[in-house]
Amino acid sequence: MKIKAIALNTFREAIRDRILYVILFFAAVCFLFSRVLALLTVGDQVKIITDVGLAALSFFGALMAILVGTGLVYKEIDKKTLYTLLSKPIHRYQFLLGKYFGMILTLFVMLFLMTVLFLILLFFHTFKIEWQIFAAVFLIFCELCLITAVAILFSCFSTPILSSIYTLSFYMIGHLSWGLETLIDKINSGLGRAMARVLYTLLPDLENFNIKTEIVHHLPIPPELFLFSFLYGFCYSVFILFLAVLVFRRRDFI
Amino acid sequence: MAEALKITDLHKSFKTGFLLKKKKILKGIHLEVEQGEIFGYLGPNGAGKTTTIKCLLGLIFPEKGEISILGQPYLSLSVKERIGFLPENPYFYDYLTASEFLEFYSQLFFIKKDKKEDKIQSLLRLVRLEKSAHLQLRKFSRGMLQRIGLAQALLNEPSIVFLDEPLGGLDPLGRKEIRDIITRLRDEGKTVFLSSHILQDIEMICDRVAIIVNGEIINSGRLKDLISEKIHFTEVILSGLKEDQLRDLSESFASSGDRIFLKITDESKLEEVLQLVHSQKGKIHSLIPRTETLEDLFVEMVKTK
């Protein structure tokens with residue numbers, strides 16, 4: 001109940017943030033641009049629109065999670081609204097989870113709006129609803145949940161600018177770390193391979209949430225891949241939130 | 001009477017500067033506040049008043065010392081159910097209206113749904129904001145914010161209320177209103193822990209005070225025990241006499257129009273002045289004996305420290 005109250009208040013706060021609407025506008029521009037790009041490129045226009053559209057959903061969703069998520073906890077500390085809140089009968093973890101779920105709700109609404117725009121554009125080309133898109137959007141949402149957890153973790157001890165840089169780095173590393181997997185296969189067994197494996201285990205692999213190729217080329221999506229990605233996102237988010245609670249529970253609010 | 005708050009040997013320091021040098025803020029605070037009293041916590045800026053309150057509310061963690069509120073460990077949720085807090089210079093969610101704001105905070109307590117609305121309305125009436133119930137907090141003045149802050153502190157009908165500088169930045173009318181609410185809380189049997197440096201207000205409403213300077217309590221007790229009732233001097237305003245007749249009878253002398261202002265410390269000289277006024281058919285406009293004030297005590301103690 002208390003987490004719900006904080007989450008709804010966070011949603012009310014976040015949804016008023018103008019930056020969300022600026023990002024939403026650019027996402028819409030990007031969807032339209034995908035149409036132009038499709039006209040200029042040789043190949044299946046629908047595939048290009050789908051590819052660019054899903055990439056835009058992932059990128060602009062992540063941007064929302066980073067830019068709004070990193071300020072959520074910091075703003076409460078900076079504006080001292082946290083003082084009255086923590087003097088009430090709530091645990092610090094309840095506050096943090098409330099902020100997290102409030103942001104997740106905000107992202108859900110924003111992702112829903114972006115998806116609707118994207119599907120409308122796609123509908124004008126195919127005259128049918130591509131249901132598979134929802135699978136991709138679901139995994140993008142899982143990715144955003146993880147990025148939000150990371151943004152909140154950094155927001156517990158750092159300023160919004162630094163937290164944004166850290167979370168953006170997490171996002172970029174997460175989308176490039178798959179290269180390590182390829183490297184592990186290519187190098188001979190030994191210290192180098194072991195180190196690459198350790199590094200790959202430690203670093204996030206956000207490509208787990210990327211099924212654009214399967215969607216664009218209408219490839220089958222194995223249920224176990226889908227389940228693995230979901231569980232990966234869930235466990236990673238829980239772990240990051242656990243770290244955030246650890247940092248937050250002993251913090252002095254000077 | 002039972003203790004509402006007990007602090008024993010409270011220590012807190014912060015790391016400051018590039019080298020993270022430790023700076024001691026609280027150096028062994030001992031305090032006991034009884035139930036049903038208004039306790040004034042006085043000190044100059046930077047003395048450690050807000051740090052003490054933050055420790056009591058679990059916003060910062062003391063390095064050493066014990067705190068019990070209403071006889072229970074201070075961080076337990078059952079204690080937090082029974083306390084109210086108004087921070088210094090309160091900042092709230094400015095996109096909420098006054099009633100939305102109180103509604104949000106009421107969700108953090110177990111207030112029954114049917115009672116919630118009545119509670120919010122009665123609190124808005126108490127702090128005289130019923131006409132601003134649907135106004136966003138961003139449009140509130142400083143005084144209005146202070147009052148809505150007080151309303152949120154009273155949502156759960158707390159047994160003990162911590163008020164950090166509740167009278168700061170208010171106009172005289174606003175200060176009087178807040179003072180009246182605070183005294184009403186005491187009349188209802190609640191304990192009020194009031195941190196302030198507006199000494200006139202503290203003197204008017206507090207039963208007991210503690211003075212903190214540089215992180216140490218330098219004096220505490222009942223106001224009547226701390227402040228001497230001995231008359232230091234008497235201020236007299238009179239007319240109908242010549243200035244030359246009075247110069248030797250007073251320590252300080254001034255005149256404006258036909259009125260003469262005197263400051264007299266010697267009681268026998270005061271008698272002489274009164275006889276002179278009587279014999280010369282003059283007129284006394286005011287005669288005020290000045291005893292020691294809390295401000296005198298406070299200034300003296302801070303200077304000594």
# chains A, B, ... in the order shown; residues from 1 in each chain; ligands from 1
>>> residues_around(residues="Asp205 of chain A", least_positions_apart="5", cutoff="9 Å", atoms="only C-alpha atoms", output="list in words")
Ile173, Gly174, His175, Leu176, Ser177, Trp178 and Tyr200 of chain A
>>> interface_residues(of="chain B", to="chain A", cutoff="10 Å", atoms="only C-alpha atoms", output="compact mmCIF listing (two decimals) with N, CA and C atoms, in the first residue's frame")
# COMPACT_ATOMS: atom_id res chain seq x y z
N PHE B 14 30.60 14.67 10.72
CA PHE B 14 30.55 14.56 9.26
C PHE B 14 31.94 14.71 8.69
N THR B 50 19.34 21.03 13.96
CA THR B 50 18.74 20.22 12.89
C THR B 50 19.38 18.84 12.84
N THR B 51 20.67 18.77 13.09
CA THR B 51 21.35 17.46 13.09
C THR B 51 20.74 16.56 14.17
N LYS B 54 17.42 15.37 12.90
CA LYS B 54 17.59 14.36 11.84
C LYS B 54 17.99 13.01 12.44
N CYS B 55 18.78 13.04 13.50
CA CYS B 55 19.14 11.78 14.18
C CYS B 55 17.88 11.15 14.77
N LEU B 56 17.04 11.98 15.38
CA LEU B 56 15.83 11.45 16.04
C LEU B 56 14.89 10.80 15.03
N LEU B 57 14.90 11.33 13.80
CA LEU B 57 13.96 10.82 12.79
C LEU B 57 14.57 9.75 11.91
N GLY B 58 15.82 9.41 12.17
CA GLY B 58 16.47 8.37 11.38
C GLY B 58 16.90 8.83 10.00
N LEU B 59 17.03 10.14 9.81
CA LEU B 59 17.50 10.64 8.51
C LEU B 59 19.02 10.56 8.44
N ILE B 60 19.65 10.66 9.60
CA ILE B 60 21.09 10.40 9.68
C ILE B 60 21.31 9.47 10.88
N PHE B 61 22.41 8.77 10.83
CA PHE B 61 22.65 7.77 11.87
C PHE B 61 23.74 8.25 12.82
N PRO B 62 23.44 8.28 14.12
CA PRO B 62 24.46 8.72 15.08
C PRO B 62 25.60 7.71 15.19
N LEU B 75 13.85 4.01 15.91
CA LEU B 75 13.70 3.72 14.48
C LEU B 75 12.54 2.77 14.17
N SER B 76 11.86 2.30 15.22
CA SER B 76 10.79 1.33 14.95
C SER B 76 9.60 2.01 14.27
N LEU B 77 8.92 1.26 13.43
CA LEU B 77 7.79 1.83 12.69
C LEU B 77 6.66 2.22 13.64
N SER B 78 6.55 1.48 14.76
CA SER B 78 5.47 1.81 15.71
C SER B 78 5.69 3.19 16.32
N VAL B 79 6.96 3.59 16.46
CA VAL B 79 7.25 4.95 16.93
C VAL B 79 6.90 5.96 15.84
N LYS B 80 7.30 5.63 14.62
CA LYS B 80 7.04 6.57 13.51
C LYS B 80 5.54 6.77 13.26
N GLU B 81 4.76 5.77 13.64
CA GLU B 81 3.29 5.91 13.53
C GLU B 81 2.80 7.03 14.44
N ARG B 82 3.60 7.31 15.51
CA ARG B 82 3.11 8.22 16.55
C ARG B 82 3.87 9.54 16.58
N ILE B 83 4.68 9.81 15.54
CA ILE B 83 5.37 11.10 15.55
C ILE B 83 4.98 11.93 14.34
N GLY B 84 5.13 13.23 14.50
CA GLY B 84 4.90 14.17 13.39
C GLY B 84 6.15 15.00 13.23
N PHE B 85 6.40 15.47 12.01
CA PHE B 85 7.63 16.24 11.77
C PHE B 85 7.38 17.33 10.74
N LEU B 86 7.81 18.53 11.10
CA LEU B 86 7.80 19.64 10.15
C LEU B 86 9.24 20.09 9.98
N PRO B 87 9.82 19.92 8.78
CA PRO B 87 11.22 20.31 8.60
C PRO B 87 11.38 21.82 8.46
N GLU B 88 12.63 22.25 8.58
CA GLU B 88 12.96 23.67 8.39
C GLU B 88 12.81 23.99 6.90
N ASN B 89 12.33 25.15 6.56
CA ASN B 89 12.08 25.55 5.16
C ASN B 89 11.46 24.41 4.36
N PRO B 90 10.26 24.02 4.70
CA PRO B 90 9.72 22.81 4.05
C PRO B 90 9.56 22.94 2.54
N TYR B 91 9.97 21.88 1.85
CA TYR B 91 9.75 21.78 0.40
C TYR B 91 8.86 20.57 0.22
N PHE B 92 7.81 20.75 -0.56
CA PHE B 92 6.92 19.61 -0.78
C PHE B 92 6.74 19.44 -2.28
N TYR B 93 5.94 18.42 -2.62
CA TYR B 93 5.69 18.16 -4.05
C TYR B 93 4.81 19.29 -4.57
N ASP B 94 5.44 20.22 -5.28
CA ASP B 94 4.72 21.45 -5.60
C ASP B 94 3.67 21.29 -6.71
N TYR B 95 3.63 20.12 -7.34
CA TYR B 95 2.62 19.89 -8.37
C TYR B 95 1.32 19.37 -7.77
N LEU B 96 1.36 19.05 -6.47
CA LEU B 96 0.14 18.56 -5.81
C LEU B 96 -0.65 19.74 -5.24
N GLU B 100 -4.56 17.06 -2.21
CA GLU B 100 -3.86 15.89 -2.78
C GLU B 100 -2.62 15.55 -1.94
N PHE B 101 -1.96 16.61 -1.50
CA PHE B 101 -0.74 16.45 -0.71
C PHE B 101 -1.05 15.71 0.61
N GLU B 103 -3.68 13.91 1.18
CA GLU B 103 -4.20 12.59 0.80
C GLU B 103 -3.02 11.62 0.59
N PHE B 104 -1.98 12.10 -0.09
CA PHE B 104 -0.80 11.27 -0.34
C PHE B 104 -0.16 10.82 0.98
N TYR B 105 0.06 11.79 1.87
CA TYR B 105 0.70 11.44 3.14
C TYR B 105 -0.19 10.55 4.00
N SER B 106 -1.50 10.74 3.88
CA SER B 106 -2.40 9.92 4.71
C SER B 106 -2.33 8.45 4.31
N GLN B 107 -1.92 8.20 3.05
CA GLN B 107 -1.80 6.81 2.60
C GLN B 107 -0.62 6.09 3.25
N LEU B 108 0.28 6.87 3.84
CA LEU B 108 1.44 6.26 4.49
C LEU B 108 1.12 5.85 5.93
N PHE B 109 -0.06 6.24 6.39
CA PHE B 109 -0.53 5.80 7.71
C PHE B 109 -1.74 4.90 7.51
N PHE B 110 -2.09 4.21 8.56
CA PHE B 110 -3.29 3.39 8.45
C PHE B 110 -4.52 4.21 8.85
N GLY B 149 2.62 22.28 5.93
CA GLY B 149 3.63 21.38 6.51
C GLY B 149 3.22 20.95 7.91
N GLN B 152 0.47 18.31 7.63
CA GLN B 152 0.93 16.94 7.35
C GLN B 152 1.58 16.32 8.58
N ALA B 153 2.17 17.18 9.43
CA ALA B 153 2.80 16.65 10.65
C ALA B 153 1.75 16.16 11.64
N ASN B 156 -1.50 12.07 11.54
CA ASN B 156 -1.66 10.79 12.25
C ASN B 156 -1.99 11.00 13.72
>>> residues_around(residues="Leu270 of chain B", least_positions_apart="3", cutoff="12 Å", atoms="only C-alpha atoms", output="list of chain:residue names")
B:Phe233, B:Thr234, B:Glu235, B:Val236, B:Leu246, B:Asp248, B:Leu249, B:Ser250, B:Glu251, B:Leu262, B:Lys263, B:Ile264, B:Thr265, B:Asp266, B:Glu267, B:Val273, B:Leu274, B:Gln275, B:Leu276, B:Val277, B:Leu287, B:Ile288, B:Pro289
>>> write_last_selection(atoms="C-alpha atoms", output="mmCIF file, in the first residue's frame")
data_model
loop_
_atom_site.group_PDB
_atom_site.id
_atom_site.type_symbol
_atom_site.label_atom_id
_atom_site.label_comp_id
_atom_site.auth_asym_id
_atom_site.auth_seq_id
_atom_site.Cartn_x
_atom_site.Cartn_y
_atom_site.Cartn_z
ATOM 1 C CA PHE B 233 16.297 48.329 35.249
ATOM 2 C CA THR B 234 13.080 50.278 34.787
ATOM 3 C CA GLU B 235 12.103 52.193 31.686
ATOM 4 C CA VAL B 236 10.047 55.308 32.395
ATOM 5 C CA LEU B 246 15.993 64.422 35.875
ATOM 6 C CA ASP B 248 21.133 63.059 37.682
ATOM 7 C CA LEU B 249 18.449 60.497 38.479
ATOM 8 C CA SER B 250 18.813 58.202 35.475
ATOM 9 C CA GLU B 251 21.558 56.224 33.712
ATOM 10 C CA LEU B 262 14.567 57.403 31.372
ATOM 11 C CA LYS B 263 16.387 54.202 32.214
ATOM 12 C CA ILE B 264 16.767 53.776 35.957
ATOM 13 C CA THR B 265 18.604 50.933 37.676
ATOM 14 C CA ASP B 266 18.581 52.190 41.250
ATOM 15 C CA GLU B 267 15.246 51.620 43.002
ATOM 16 C CA VAL B 273 11.587 60.361 40.180
ATOM 17 C CA LEU B 274 8.063 59.309 41.063
ATOM 18 C CA GLN B 275 7.907 61.803 43.948
ATOM 19 C CA LEU B 276 9.213 64.532 41.677
ATOM 20 C CA VAL B 277 6.558 63.782 39.077
ATOM 21 C CA LEU B 287 6.755 52.451 33.589
ATOM 22 C CA ILE B 288 8.170 49.067 32.641
ATOM 23 C CA PRO B 289 10.411 47.022 34.927
#
>>> closest_residue(among="A:Asn188, A:Ser163, A:Thr106, A:Gln45", to="Leu20 of chain A", atoms="only C-alpha atoms")
A:Thr106
>>> residues_around(residues="Glu63 of chain B", least_positions_apart="6", cutoff="9 Å", atoms="only C-alpha atoms", output="short mmCIF file (atom, residue, chain, number, x, y, z; two decimals) with all heavy atoms, in the first residue's frame")
data_model
loop_
_atom_site.label_atom_id
_atom_site.label_comp_id
_atom_site.auth_asym_id
_atom_site.auth_seq_id
_atom_site.Cartn_x
_atom_site.Cartn_y
_atom_site.Cartn_z
N LEU B 10 24.66 11.43 22.72
CA LEU B 10 24.54 11.38 21.25
C LEU B 10 25.73 12.08 20.58
O LEU B 10 26.01 13.24 20.85
CB LEU B 10 23.23 12.06 20.83
CG LEU B 10 22.81 11.90 19.38
CD1 LEU B 10 22.41 10.47 19.09
CD2 LEU B 10 21.64 12.82 19.06
N HIS B 11 26.38 11.33 19.71
CA HIS B 11 27.54 11.87 18.98
C HIS B 11 27.31 11.74 17.48
O HIS B 11 26.81 10.73 17.02
CB HIS B 11 28.81 11.09 19.33
CG HIS B 11 29.33 11.36 20.69
ND1 HIS B 11 30.36 12.21 20.94
CD2 HIS B 11 28.91 10.90 21.90
CE1 HIS B 11 30.60 12.25 22.25
NE2 HIS B 11 29.73 11.46 22.85
N LYS B 12 27.71 12.77 16.76
CA LYS B 12 27.65 12.68 15.30
C LYS B 12 28.72 13.59 14.69
O LYS B 12 28.90 14.72 15.13
CB LYS B 12 26.26 13.12 14.80
CG LYS B 12 26.10 13.05 13.30
CD LYS B 12 26.12 11.61 12.79
CE LYS B 12 26.18 11.53 11.28
NZ LYS B 12 26.38 10.17 10.80
N SER B 13 29.42 13.08 13.72
CA SER B 13 30.36 13.94 12.99
C SER B 13 30.22 13.68 11.50
O SER B 13 29.74 12.62 11.08
CB SER B 13 31.80 13.70 13.46
OG SER B 13 32.07 12.34 13.51
#
>>> select_by_dssp(residues="segment 196-284 of chain B", states="strand (DSSP E)", output="VMD selection string")
chain B and resid 196 208 to 213 216 to 222 231 to 239 252 to 256 259 to 264 283 to 284
>>> residues_around(residues="Asp171 of chain B", least_positions_apart="4", cutoff="12 Å", atoms="only C-alpha atoms", output="mmCIF file with N, CA, C and O atoms, in the first residue's frame")
data_model
loop_
_atom_site.group_PDB
_atom_site.id
_atom_site.type_symbol
_atom_site.label_atom_id
_atom_site.label_comp_id
_atom_site.auth_asym_id
_atom_site.auth_seq_id
_atom_site.Cartn_x
_atom_site.Cartn_y
_atom_site.Cartn_z
ATOM 1 N N SER B 141 2.436 30.690 -0.589
ATOM 2 C CA SER B 141 3.459 31.568 -0.022
ATOM 3 C C SER B 141 4.241 30.773 1.020
ATOM 4 O O SER B 141 3.863 29.644 1.366
ATOM 5 N N ARG B 142 5.294 31.381 1.533
ATOM 6 C CA ARG B 142 6.132 30.709 2.543
ATOM 7 C C ARG B 142 5.298 30.324 3.768
ATOM 8 O O ARG B 142 5.404 29.211 4.278
ATOM 9 N N GLY B 143 4.479 31.262 4.209
ATOM 10 C CA GLY B 143 3.656 31.009 5.392
ATOM 11 C C GLY B 143 2.656 29.884 5.162
ATOM 12 O O GLY B 143 2.415 29.057 6.041
ATOM 13 N N MET B 144 2.079 29.871 3.952
ATOM 14 C CA MET B 144 1.102 28.809 3.632
ATOM 15 C C MET B 144 1.794 27.443 3.604
ATOM 16 O O MET B 144 1.236 26.434 4.070
ATOM 17 N N GLN B 146 4.395 26.607 5.305
ATOM 18 C CA GLN B 146 4.672 26.253 6.694
ATOM 19 C C GLN B 146 3.416 25.649 7.335
ATOM 20 O O GLN B 146 3.482 24.672 8.071
ATOM 21 N N PRO B 166 9.718 26.242 13.115
ATOM 22 C CA PRO B 166 8.386 26.401 12.501
ATOM 23 C C PRO B 166 7.957 27.847 12.335
ATOM 24 O O PRO B 166 7.028 28.136 11.591
ATOM 25 N N LEU B 167 8.653 28.762 13.028
ATOM 26 C CA LEU B 167 8.212 30.152 12.991
ATOM 27 C C LEU B 167 9.092 31.016 12.096
ATOM 28 O O LEU B 167 8.832 32.213 11.948
ATOM 29 N N ARG B 175 2.982 33.884 12.754
ATOM 30 C CA ARG B 175 3.664 33.347 13.938
ATOM 31 C C ARG B 175 2.677 33.108 15.064
ATOM 32 O O ARG B 175 2.743 32.105 15.761
ATOM 33 N N LYS B 176 1.759 34.049 15.213
ATOM 34 C CA LYS B 176 0.770 33.902 16.285
ATOM 35 C C LYS B 176 -0.104 32.669 16.035
ATOM 36 O O LYS B 176 -0.382 31.891 16.959
ATOM 37 N N GLU B 177 -0.492 32.491 14.768
ATOM 38 C CA GLU B 177 -1.349 31.337 14.440
ATOM 39 C C GLU B 177 -0.637 30.018 14.754
ATOM 40 O O GLU B 177 -1.222 29.104 15.329
ATOM 41 N N ILE B 178 0.631 29.956 14.357
ATOM 42 C CA ILE B 178 1.390 28.712 14.599
ATOM 43 C C ILE B 178 1.574 28.514 16.106
ATOM 44 O O ILE B 178 1.439 27.393 16.620
#
>>> residues_around(residues="Ile211 of chain A", least_positions_apart="4", cutoff="9 Å", atoms="only C-alpha atoms", output="PyMOL selection string")
chain A and resi 135-136+139+207+215-216+221
>>> select_by_dssp(residues="segment 137-166 of chain B", states="helix (DSSP H, G or I)", output="PDB file with C-alpha atoms, in the first residue's frame")
ATOM      1  CA  LEU B 137       1.579  24.017  -3.571  1.00  0.00           C
ATOM      2  CA  ARG B 138       3.799  25.846  -6.067  1.00  0.00           C
ATOM      3  CA  LYS B 139       1.423  28.788  -5.734  1.00  0.00           C
ATOM      4  CA  ARG B 142       6.132  30.709   2.543  1.00  0.00           C
ATOM      5  CA  GLY B 143       3.656  31.009   5.392  1.00  0.00           C
ATOM      6  CA  MET B 144       1.102  28.809   3.632  1.00  0.00           C
ATOM      7  CA  LEU B 145       3.766  26.142   3.028  1.00  0.00           C
ATOM      8  CA  GLN B 146       4.672  26.253   6.694  1.00  0.00           C
ATOM      9  CA  ARG B 147       1.019  25.764   7.617  1.00  0.00           C
ATOM     10  CA  ILE B 148       0.393  22.904   5.192  1.00  0.00           C
ATOM     11  CA  GLY B 149       3.630  21.379   6.511  1.00  0.00           C
ATOM     12  CA  LEU B 150       2.225  21.564  10.002  1.00  0.00           C
ATOM     13  CA  ALA B 151      -0.988  19.938   8.776  1.00  0.00           C
ATOM     14  CA  GLN B 152       0.930  16.945   7.350  1.00  0.00           C
ATOM     15  CA  ALA B 153       2.800  16.648  10.648  1.00  0.00           C
TER      16      ALA B 153
END
>>> residues_around(residues="Glu143 of chain A", least_positions_apart="3", cutoff="9 Å", atoms="only C-alpha atoms", output="ChimeraX atom specification")
/A:58,62,138-140,146-148,206,208-210,230,233
>>> decode(residues="segment 40-69 of chain B", atoms="N, CA and C atoms", output="PDB file, in the first residue's frame")
ATOM      1  N   GLY B  40      11.622  23.585  24.150  1.00  0.00           N
ATOM      2  CA  GLY B  40      12.337  24.442  23.196  1.00  0.00           C
ATOM      3  C   GLY B  40      13.789  24.028  23.087  1.00  0.00           C
ATOM      4  N   TYR B  41      14.222  23.859  21.856  1.00  0.00           N
ATOM      5  CA  TYR B  41      15.614  23.459  21.611  1.00  0.00           C
ATOM      6  C   TYR B  41      16.287  24.643  20.924  1.00  0.00           C
ATOM      7  N   LEU B  42      17.093  25.361  21.681  1.00  0.00           N
ATOM      8  CA  LEU B  42      17.627  26.633  21.188  1.00  0.00           C
ATOM      9  C   LEU B  42      19.100  26.529  20.849  1.00  0.00           C
ATOM     10  N   GLY B  43      19.490  27.344  19.927  1.00  0.00           N
ATOM     11  CA  GLY B  43      20.912  27.399  19.613  1.00  0.00           C
ATOM     12  C   GLY B  43      21.143  28.283  18.423  1.00  0.00           C
ATOM     13  N   PRO B  44      22.345  28.850  18.333  1.00  0.00           N
ATOM     14  CA  PRO B  44      22.648  29.686  17.157  1.00  0.00           C
ATOM     15  C   PRO B  44      22.723  28.816  15.896  1.00  0.00           C
ATOM     16  N   ASN B  45      22.811  29.447  14.746  1.00  0.00           N
ATOM     17  CA  ASN B  45      22.937  28.690  13.495  1.00  0.00           C
ATOM     18  C   ASN B  45      24.175  27.806  13.548  1.00  0.00           C
ATOM     19  N   GLY B  46      24.022  26.582  13.100  1.00  0.00           N
ATOM     20  CA  GLY B  46      25.164  25.664  13.043  1.00  0.00           C
ATOM     21  C   GLY B  46      25.493  25.012  14.381  1.00  0.00           C
ATOM     22  N   ALA B  47      24.616  25.171  15.370  1.00  0.00           N
ATOM     23  CA  ALA B  47      24.906  24.602  16.701  1.00  0.00           C
ATOM     24  C   ALA B  47      24.677  23.098  16.741  1.00  0.00           C
ATOM     25  N   GLY B  48      23.808  22.603  15.865  1.00  0.00           N
ATOM     26  CA  GLY B  48      23.526  21.157  15.843  1.00  0.00           C
ATOM     27  C   GLY B  48      22.057  20.828  16.089  1.00  0.00           C
ATOM     28  N   LYS B  49      21.197  21.833  16.016  1.00  0.00           N
ATOM     29  CA  LYS B  49      19.767  21.599  16.289  1.00  0.00           C
ATOM     30  C   LYS B  49      19.155  20.660  15.238  1.00  0.00           C
ATOM     31  N   THR B  50      19.339  21.031  13.962  1.00  0.00           N
ATOM     32  CA  THR B  50      18.741  20.223  12.887  1.00  0.00           C
ATOM     33  C   THR B  50      19.381  18.837  12.837  1.00  0.00           C
ATOM     34  N   THR B  51      20.673  18.772  13.092  1.00  0.00           N
ATOM     35  CA  THR B  51      21.353  17.460  13.093  1.00  0.00           C
ATOM     36  C   THR B  51      20.739  16.559  14.171  1.00  0.00           C
ATOM     37  N   THR B  52      20.451  17.137  15.334  1.00  0.00           N
ATOM     38  CA  THR B  52      19.835  16.345  16.404  1.00  0.00           C
ATOM     39  C   THR B  52      18.483  15.802  15.936  1.00  0.00           C
ATOM     40  N   ILE B  53      17.679  16.699  15.331  1.00  0.00           N
ATOM     41  CA  ILE B  53      16.340  16.270  14.889  1.00  0.00           C
ATOM     42  C   ILE B  53      16.458  15.202  13.804  1.00  0.00           C
ATOM     43  N   LYS B  54      17.418  15.373  12.904  1.00  0.00           N
ATOM     44  CA  LYS B  54      17.595  14.360  11.843  1.00  0.00           C
ATOM     45  C   LYS B  54      17.988  13.011  12.441  1.00  0.00           C
ATOM     46  N   CYS B  55      18.781  13.039  13.503  1.00  0.00           N
ATOM     47  CA  CYS B  55      19.135  11.784  14.177  1.00  0.00           C
ATOM     48  C   CYS B  55      17.881  11.151  14.766  1.00  0.00           C
ATOM     49  N   LEU B  56      17.039  11.981  15.384  1.00  0.00           N
ATOM     50  CA  LEU B  56      15.829  11.454  16.043  1.00  0.00           C
ATOM     51  C   LEU B  56      14.893  10.801  15.034  1.00  0.00           C
ATOM     52  N   LEU B  57      14.897  11.331  13.801  1.00  0.00           N
ATOM     53  CA  LEU B  57      13.962  10.824  12.795  1.00  0.00           C
ATOM     54  C   LEU B  57      14.568   9.749  11.910  1.00  0.00           C
ATOM     55  N   GLY B  58      15.823   9.413  12.170  1.00  0.00           N
ATOM     56  CA  GLY B  58      16.472   8.369  11.383  1.00  0.00           C
ATOM     57  C   GLY B  58      16.895   8.829   9.998  1.00  0.00           C
ATOM     58  N   LEU B  59      17.028  10.143   9.811  1.00  0.00           N
ATOM     59  CA  LEU B  59      17.498  10.637   8.510  1.00  0.00           C
ATOM     60  C   LEU B  59      19.017  10.563   8.437  1.00  0.00           C
ATOM     61  N   ILE B  60      19.647  10.658   9.600  1.00  0.00           N
ATOM     62  CA  ILE B  60      21.086  10.396   9.681  1.00  0.00           C
ATOM     63  C   ILE B  60      21.306   9.468  10.878  1.00  0.00           C
ATOM     64  N   PHE B  61      22.414   8.771  10.827  1.00  0.00           N
ATOM     65  CA  PHE B  61      22.648   7.773  11.865  1.00  0.00           C
ATOM     66  C   PHE B  61      23.741   8.249  12.823  1.00  0.00           C
ATOM     67  N   PRO B  62      23.438   8.280  14.121  1.00  0.00           N
ATOM     68  CA  PRO B  62      24.462   8.724  15.080  1.00  0.00           C
ATOM     69  C   PRO B  62      25.600   7.714  15.186  1.00  0.00           C
ATOM     70  N   GLU B  63      26.775   8.217  15.536  1.00  0.00           N
ATOM     71  CA  GLU B  63      27.917   7.301  15.700  1.00  0.00           C
ATOM     72  C   GLU B  63      27.851   6.601  17.047  1.00  0.00           C
ATOM     73  N   LYS B  64      27.318   7.338  17.994  1.00  0.00           N
ATOM     74  CA  LYS B  64      27.287   6.815  19.357  1.00  0.00           C
ATOM     75  C   LYS B  64      26.086   7.419  20.060  1.00  0.00           C
ATOM     76  N   GLY B  65      25.575   6.716  21.023  1.00  0.00           N
ATOM     77  CA  GLY B  65      24.478   7.267  21.810  1.00  0.00           C
ATOM     78  C   GLY B  65      23.199   6.473  21.668  1.00  0.00           C
ATOM     79  N   GLU B  66      22.280   6.754  22.571  1.00  0.00           N
ATOM     80  CA  GLU B  66      20.995   6.044  22.556  1.00  0.00           C
ATOM     81  C   GLU B  66      19.841   7.034  22.480  1.00  0.00           C
ATOM     82  N   ILE B  67      18.831   6.624  21.738  1.00  0.00           N
ATOM     83  CA  ILE B  67      17.636   7.466  21.612  1.00  0.00           C
ATOM     84  C   ILE B  67      16.419   6.581  21.845  1.00  0.00           C
ATOM     85  N   SER B  68      15.524   7.040  22.697  1.00  0.00           N
ATOM     86  CA  SER B  68      14.237   6.345  22.774  1.00  0.00           C
ATOM     87  C   SER B  68      13.127   7.383  22.701  1.00  0.00           C
ATOM     88  N   ILE B  69      12.117   7.068  21.898  1.00  0.00           N
ATOM     89  CA  ILE B  69      10.974   7.960  21.744  1.00  0.00           C
ATOM     90  C   ILE B  69       9.748   7.209  22.241  1.00  0.00           C
TER      91      ILE B  69
END
